[in-house]
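A.B. asks: My structure is below; once you've seen it, I'll send some questions.
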Amino acid sequence: MNKQVVAGIDIGGTKIALALETLAGERVAARRLPTTVELGPERILENVARSIEEMLAETGTKLTAIGIGCPGPIDIERGLALSPTNLPEWIDFPLVETIKKRFCVPTVLDNDANAAALGEYFYGAGRGFRDMLYVTISTGIGGAIICEGNIHHGVGASAGEVGHTIVKPDGRLCLCGTKGCLETIASGLSIARRMRETLAASNGKTTEDLDRITAETVVEAVKKADETAQKIWDETIKFLAVGIGNAITLIAPEAVIIGGGVSEAGELLLKPLRCEIGKNVTMLPIEKVEILKASLGSESGVCGALILARQAVKKMHENVY
Ligand SMILES: [Zn+2]
């Protein structure tokens, strides 16, 4: 009999990661496809399905379940991608139904931050902790809460959105419609924007110079002791410590795992962040909360999608026996 495997699909705005693993967690195949957004969801998923079929044929394995991570907002219960910002044509797209029809196996959907959090919890920096808060700081700020191995979804499956907690009342308008969210100050895009605004106001930089600024160039400038960059960075840390500190006070997790592009700054981010959070969190022993960088990089999403699939297999067995 063919070896049984689960498939993980991690859909991103630029790439889709696919992987097959045995039920024991052994990786048997992996692929990455470009997300050719202009093809639209049907053709993109056709390419995904064909790649999975090829991987199954190449490895002589039998599929038992599929897990999918997709940028939010999504409708987990109905298996829909609602209108992800970087996938403009995916409006109320029946993601689960499309994949399920093709493979006829249990198919589970969750948002990309939740999937990445599961990946880190089971395979990465979150291993060994009971409860975990995951924060991803990239173009936006996402988050997820894991309690004893399970995602805490909450109402509307929207728990863990640290990026949309208000850290500056009456601050800048956020894409979510409210004002002063953490994301409007400390996301990668916001860090770059604040640096541009400060430089534009203070000296004669050309538009071209300003356009080149990203969160990454701000981090590089901090390393070179640039005063303006340091000021922007200190402010970023201060607000991250408010948002993440509040989340720690509420959830009291054993670990906070920080992923996303901005986390690549490593200890330049984490060391002052631990210090500031230490000042803000007083109601629990903060020294017992590990604040660590995510360790799986771009693999976290597909790892989490595989966990979703494995959890679906487990649930199926529990229902049968
Ligand atoms: Zn917001």
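The way I read the labels, and the way they are meant: chains A, B, ... in the order of the structure tokens, residue 1 as the first residue of every chain, and ligand 1 as the first ligand shown, with later ones counted on from there.
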Find the residues near Ala294 of chain A: any atom within 9 Å, counting only C-alpha atoms, skip ones fewer than 3 places away on the same chain, and give them as a PDB file with N, CA and C atoms, in the first residue's frame.
C.D. replies:
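File written: result_23.pdb
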```
ATOM      1  N   GLU A 120       5.780  27.462  13.772  1.00  0.00           N
ATOM      2  CA  GLU A 120       6.816  27.796  14.758  1.00  0.00           C
ATOM      3  C   GLU A 120       6.618  26.997  16.048  1.00  0.00           C
ATOM      4  N   GLY A 124       9.469  25.027  15.129  1.00  0.00           N
ATOM      5  CA  GLY A 124      10.449  26.117  15.195  1.00  0.00           C
ATOM      6  C   GLY A 124      10.748  26.606  16.598  1.00  0.00           C
ATOM      7  N   ALA A 125      10.840  27.929  16.733  1.00  0.00           N
ATOM      8  CA  ALA A 125      11.267  28.551  17.994  1.00  0.00           C
ATOM      9  C   ALA A 125      10.271  28.344  19.128  1.00  0.00           C
ATOM     10  N   GLY A 126       9.030  27.957  18.794  1.00  0.00           N
ATOM     11  CA  GLY A 126       8.004  27.796  19.832  1.00  0.00           C
ATOM     12  C   GLY A 126       7.940  26.401  20.428  1.00  0.00           C
ATOM     13  N   TYR A 134       2.306  34.615  18.815  1.00  0.00           N
ATOM     14  CA  TYR A 134       3.152  34.794  17.628  1.00  0.00           C
ATOM     15  C   TYR A 134       2.854  36.162  17.053  1.00  0.00           C
ATOM     16  N   THR A 136       3.998  38.612  13.764  1.00  0.00           N
ATOM     17  CA  THR A 136       4.796  38.736  12.542  1.00  0.00           C
ATOM     18  C   THR A 136       4.826  40.202  12.123  1.00  0.00           C
ATOM     19  N   ILE A 257       6.918  34.647  20.063  1.00  0.00           N
ATOM     20  CA  ILE A 257       7.806  34.364  18.934  1.00  0.00           C
ATOM     21  C   ILE A 257       7.569  35.437  17.884  1.00  0.00           C
ATOM     22  N   ILE A 258       8.631  36.099  17.481  1.00  0.00           N
ATOM     23  CA  ILE A 258       8.489  37.220  16.558  1.00  0.00           C
ATOM     24  C   ILE A 258       9.083  36.858  15.197  1.00  0.00           C
ATOM     25  N   GLY A 259       8.223  36.883  14.187  1.00  0.00           N
ATOM     26  CA  GLY A 259       8.663  36.545  12.831  1.00  0.00           C
ATOM     27  C   GLY A 259       8.442  37.712  11.889  1.00  0.00           C
ATOM     28  N   GLY A 260       8.543  37.454  10.599  1.00  0.00           N
ATOM     29  CA  GLY A 260       8.358  38.495   9.589  1.00  0.00           C
ATOM     30  C   GLY A 260       9.671  39.179   9.264  1.00  0.00           C
ATOM     31  N   SER A 263      11.801  41.096  11.812  1.00  0.00           N
ATOM     32  CA  SER A 263      12.455  40.300  12.859  1.00  0.00           C
ATOM     33  C   SER A 263      13.863  39.884  12.447  1.00  0.00           C
ATOM     34  N   GLY A 297      11.783  31.070   9.219  1.00  0.00           N
ATOM     35  CA  GLY A 297      11.769  31.979   8.062  1.00  0.00           C
ATOM     36  C   GLY A 297      10.541  31.753   7.198  1.00  0.00           C
ATOM     37  N   SER A 300       7.750  28.745   7.739  1.00  0.00           N
ATOM     38  CA  SER A 300       6.810  28.582   8.852  1.00  0.00           C
ATOM     39  C   SER A 300       5.381  28.331   8.364  1.00  0.00           C
TER      40      SER A 300
END
```
A.B. asks: Could you list, as an MDAnalysis selection string, all the residues within 10 Å of ligand 1, counting only C-alpha atoms and all ligand atoms?
C.D. replies: chainID A and resid 140:141 161:166 172:184
A.B. asks: I need the residues of segment 19-62 of chain A that end up classed as alpha helix (DSSP H) by DSSP on the backbone, written out as a ChimeraX atom specification.
C.D. replies: /A:40-59
A.B. asks: If we count only C-alpha atoms, what is near segment 101-116 of chain A at a cut-off of 7 Å, once residues fewer than 4 positions away on the same chain are taken out, given as a PyMOL selection string?
C.D. replies: chain A and resi 64-72+74+76+79+96-97+120+142-144+151+300-301+304-305+308-309+312
A.B. asks: Just give me the gap between atom CA of Ile99 of chain A and atom CA of Val48 of chain A in Å, one decimal is fine.
C.D. replies: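 Computing it gives 9.1 Å between the two atoms.
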A.B. asks: With DSSP run on the backbone, what are the strand (DSSP E or B) residues within segment 11-49 of chain A? I'd like them as a ChimeraX atom specification.
C.D. replies: /A:11,15-22,27-34
A.B. asks: Mind checking which residues fall within 8 Å of segment 11-27 of chain A, counting only C-alpha atoms, ignoring those fewer than 4 positions away in the same chain, and posting them as a PyMOL selection string?
C.D. replies: chain A and resi 3-7+31-37+48+52+55+68-71+86-87+112+299+302+306+310
A.B. asks: Output N, CA and C atoms for every residue in the selection just made, as a compact mmCIF listing (two decimals), in the first residue's frame.
C.D. replies:
```txt
# COMPACT_ATOMS: atom_id res chain seq x y z
N LYS A 3 2.42 4.80 0.84
CA LYS A 3 2.59 5.51 2.11
C LYS A 3 1.63 6.70 2.16
N GLN A 4 0.98 6.89 3.33
CA GLN A 4 0.02 7.99 3.45
C GLN A 4 0.74 9.30 3.79
N VAL A 5 0.31 10.37 3.13
CA VAL A 5 0.91 11.68 3.40
C VAL A 5 -0.18 12.74 3.56
N VAL A 6 0.24 13.88 4.14
CA VAL A 6 -0.62 15.07 4.16
C VAL A 6 0.08 16.13 3.31
N ALA A 7 -0.73 17.08 2.79
CA ALA A 7 -0.15 18.16 1.99
C ALA A 7 -0.37 19.49 2.68
N ARG A 31 7.83 21.99 -2.95
CA ARG A 31 7.95 22.82 -4.15
C ARG A 31 7.54 24.24 -3.84
N ARG A 32 8.03 25.16 -4.64
CA ARG A 32 7.59 26.55 -4.54
C ARG A 32 7.14 27.02 -5.91
N LEU A 33 5.99 27.65 -5.97
CA LEU A 33 5.48 28.19 -7.24
C LEU A 33 5.35 29.70 -7.09
N PRO A 34 5.53 30.44 -8.19
CA PRO A 34 5.25 31.88 -8.09
C PRO A 34 3.74 32.10 -8.02
N THR A 35 3.29 33.09 -7.25
CA THR A 35 1.86 33.42 -7.27
C THR A 35 1.66 34.40 -8.42
N THR A 36 1.32 33.86 -9.57
CA THR A 36 1.13 34.75 -10.73
C THR A 36 -0.27 35.35 -10.59
N VAL A 37 -0.33 36.45 -9.83
CA VAL A 37 -1.62 37.02 -9.40
C VAL A 37 -2.57 37.25 -10.58
N VAL A 48 -1.53 24.70 -8.58
CA VAL A 48 -1.22 24.12 -7.26
C VAL A 48 -1.62 22.65 -7.24
N ILE A 52 0.70 19.26 -6.82
CA ILE A 52 0.52 18.26 -5.75
C ILE A 52 0.36 16.86 -6.37
N MET A 55 3.71 15.64 -7.37
CA MET A 55 4.52 15.25 -6.20
C MET A 55 4.06 13.90 -5.65
N ILE A 68 -4.34 24.41 4.39
CA ILE A 68 -4.05 25.59 3.57
C ILE A 68 -3.90 26.81 4.47
N GLY A 69 -2.85 27.57 4.27
CA GLY A 69 -2.70 28.87 4.92
C GLY A 69 -2.86 29.93 3.84
N CYS A 70 -3.67 30.95 4.12
CA CYS A 70 -3.94 31.98 3.11
C CYS A 70 -4.02 33.34 3.81
N PRO A 71 -3.53 34.39 3.17
CA PRO A 71 -3.66 35.71 3.80
C PRO A 71 -5.12 36.05 4.09
N ASN A 86 -3.30 41.41 -0.88
CA ASN A 86 -2.37 41.21 -1.99
C ASN A 86 -2.84 40.18 -3.02
N LEU A 87 -4.09 39.72 -2.88
CA LEU A 87 -4.68 38.82 -3.89
C LEU A 87 -6.03 39.43 -4.30
N ASP A 112 -2.83 33.03 7.24
CA ASP A 112 -1.38 32.79 7.14
C ASP A 112 -0.65 32.99 8.47
N GLU A 299 9.57 29.23 5.75
CA GLU A 299 9.03 27.86 5.85
C GLU A 299 7.89 27.73 6.86
N VAL A 302 4.17 26.95 5.50
CA VAL A 302 3.89 25.62 4.95
C VAL A 302 3.98 24.56 6.06
N LEU A 306 0.89 22.02 7.08
CA LEU A 306 1.02 20.56 7.27
C LEU A 306 0.44 20.13 8.62
N ARG A 310 -2.52 17.52 9.42
CA ARG A 310 -2.34 16.38 10.35
C ARG A 310 -3.41 16.41 11.44
```
A.B. asks: Distance atom CA of Val256 of chain A-atom CA of Asn280 of chain A, one decimal place?
C.D. replies: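 Between atom CA of Val256 of chain A and atom CA of Asn280 of chain A the gap works out to 15.0 Å.
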A.B. asks: Contacts of segment 222-227 of chain A at 12 Å or less, counting only C-alpha atoms, minus same-chain residues fewer than 2 places along, as a PyMOL selection string?
C.D. replies: chain A and resi 195+198-199+215-220+229-234+265-269
A.B. asks: Write a file of the just-selected residues containing N, CA and C atoms, as a short mmCIF file (atom, residue, chain, number, x, y, z; two decimals), in the first residue's frame.
C.D. replies:
```
data_model
loop_
_atom_site.label_atom_id
_atom_site.label_comp_id
_atom_site.auth_asym_id
_atom_site.auth_seq_id
_atom_site.Cartn_x
_atom_site.Cartn_y
_atom_site.Cartn_z
N MET A 195 10.46 57.14 8.58
CA MET A 195 11.83 57.58 8.28
C MET A 195 11.80 58.60 7.12
N THR A 198 10.42 61.94 8.34
CA THR A 198 11.36 62.68 9.19
C THR A 198 12.46 63.30 8.33
N LEU A 199 12.99 62.52 7.39
CA LEU A 199 14.08 63.04 6.55
C LEU A 199 13.58 64.16 5.64
N ALA A 215 12.20 49.37 5.57
CA ALA A 215 12.51 49.03 6.96
C ALA A 215 13.92 48.46 7.06
N GLU A 216 14.30 47.72 6.03
CA GLU A 216 15.63 47.10 6.01
C GLU A 216 16.74 48.17 5.97
N THR A 217 16.55 49.21 5.15
CA THR A 217 17.58 50.25 5.09
C THR A 217 17.62 51.04 6.40
N VAL A 218 16.48 51.16 7.07
CA VAL A 218 16.47 51.83 8.38
C VAL A 218 17.32 51.01 9.36
N VAL A 219 17.13 49.68 9.35
CA VAL A 219 17.90 48.81 10.24
C VAL A 219 19.39 48.93 9.93
N GLU A 220 19.74 48.94 8.65
CA GLU A 220 21.15 49.08 8.26
C GLU A 220 21.72 50.40 8.77
N ALA A 229 17.79 57.40 12.08
CA ALA A 229 17.33 56.01 12.04
C ALA A 229 17.17 55.47 13.46
N GLN A 230 18.12 55.82 14.33
CA GLN A 230 18.07 55.34 15.72
C GLN A 230 16.81 55.87 16.43
N LYS A 231 16.49 57.13 16.12
CA LYS A 231 15.31 57.74 16.75
C LYS A 231 14.03 57.00 16.29
N ILE A 232 13.97 56.74 14.97
CA ILE A 232 12.81 56.02 14.42
C ILE A 232 12.73 54.62 15.03
N TRP A 233 13.87 53.97 15.15
CA TRP A 233 13.93 52.60 15.68
C TRP A 233 13.51 52.56 17.15
N ASP A 234 14.02 53.53 17.94
CA ASP A 234 13.66 53.58 19.37
C ASP A 234 12.15 53.74 19.54
N ALA A 265 16.10 41.76 11.91
CA ALA A 265 17.03 42.64 12.64
C ALA A 265 17.60 41.93 13.87
N GLY A 266 17.02 40.81 14.26
CA GLY A 266 17.54 39.97 15.35
C GLY A 266 17.61 40.70 16.67
N GLU A 267 18.77 40.61 17.33
CA GLU A 267 18.90 41.18 18.67
C GLU A 267 18.81 42.71 18.69
N LEU A 268 19.07 43.33 17.54
CA LEU A 268 18.90 44.79 17.44
C LEU A 268 17.45 45.15 17.75
N LEU A 269 16.55 44.24 17.45
CA LEU A 269 15.14 44.42 17.77
C LEU A 269 14.82 43.83 19.15
#
```
A.B. asks: Would you please work out which residue, of A:Val242, A:Ala117, A:Ala30, A:Ile146, is nearest to Leu273 of chain A when using only C-alpha atoms?
C.D. replies: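 Among A:Val242, A:Ala117, A:Ala30, A:Ile146, it is A:Val242 that comes nearest to Leu273 of chain A.
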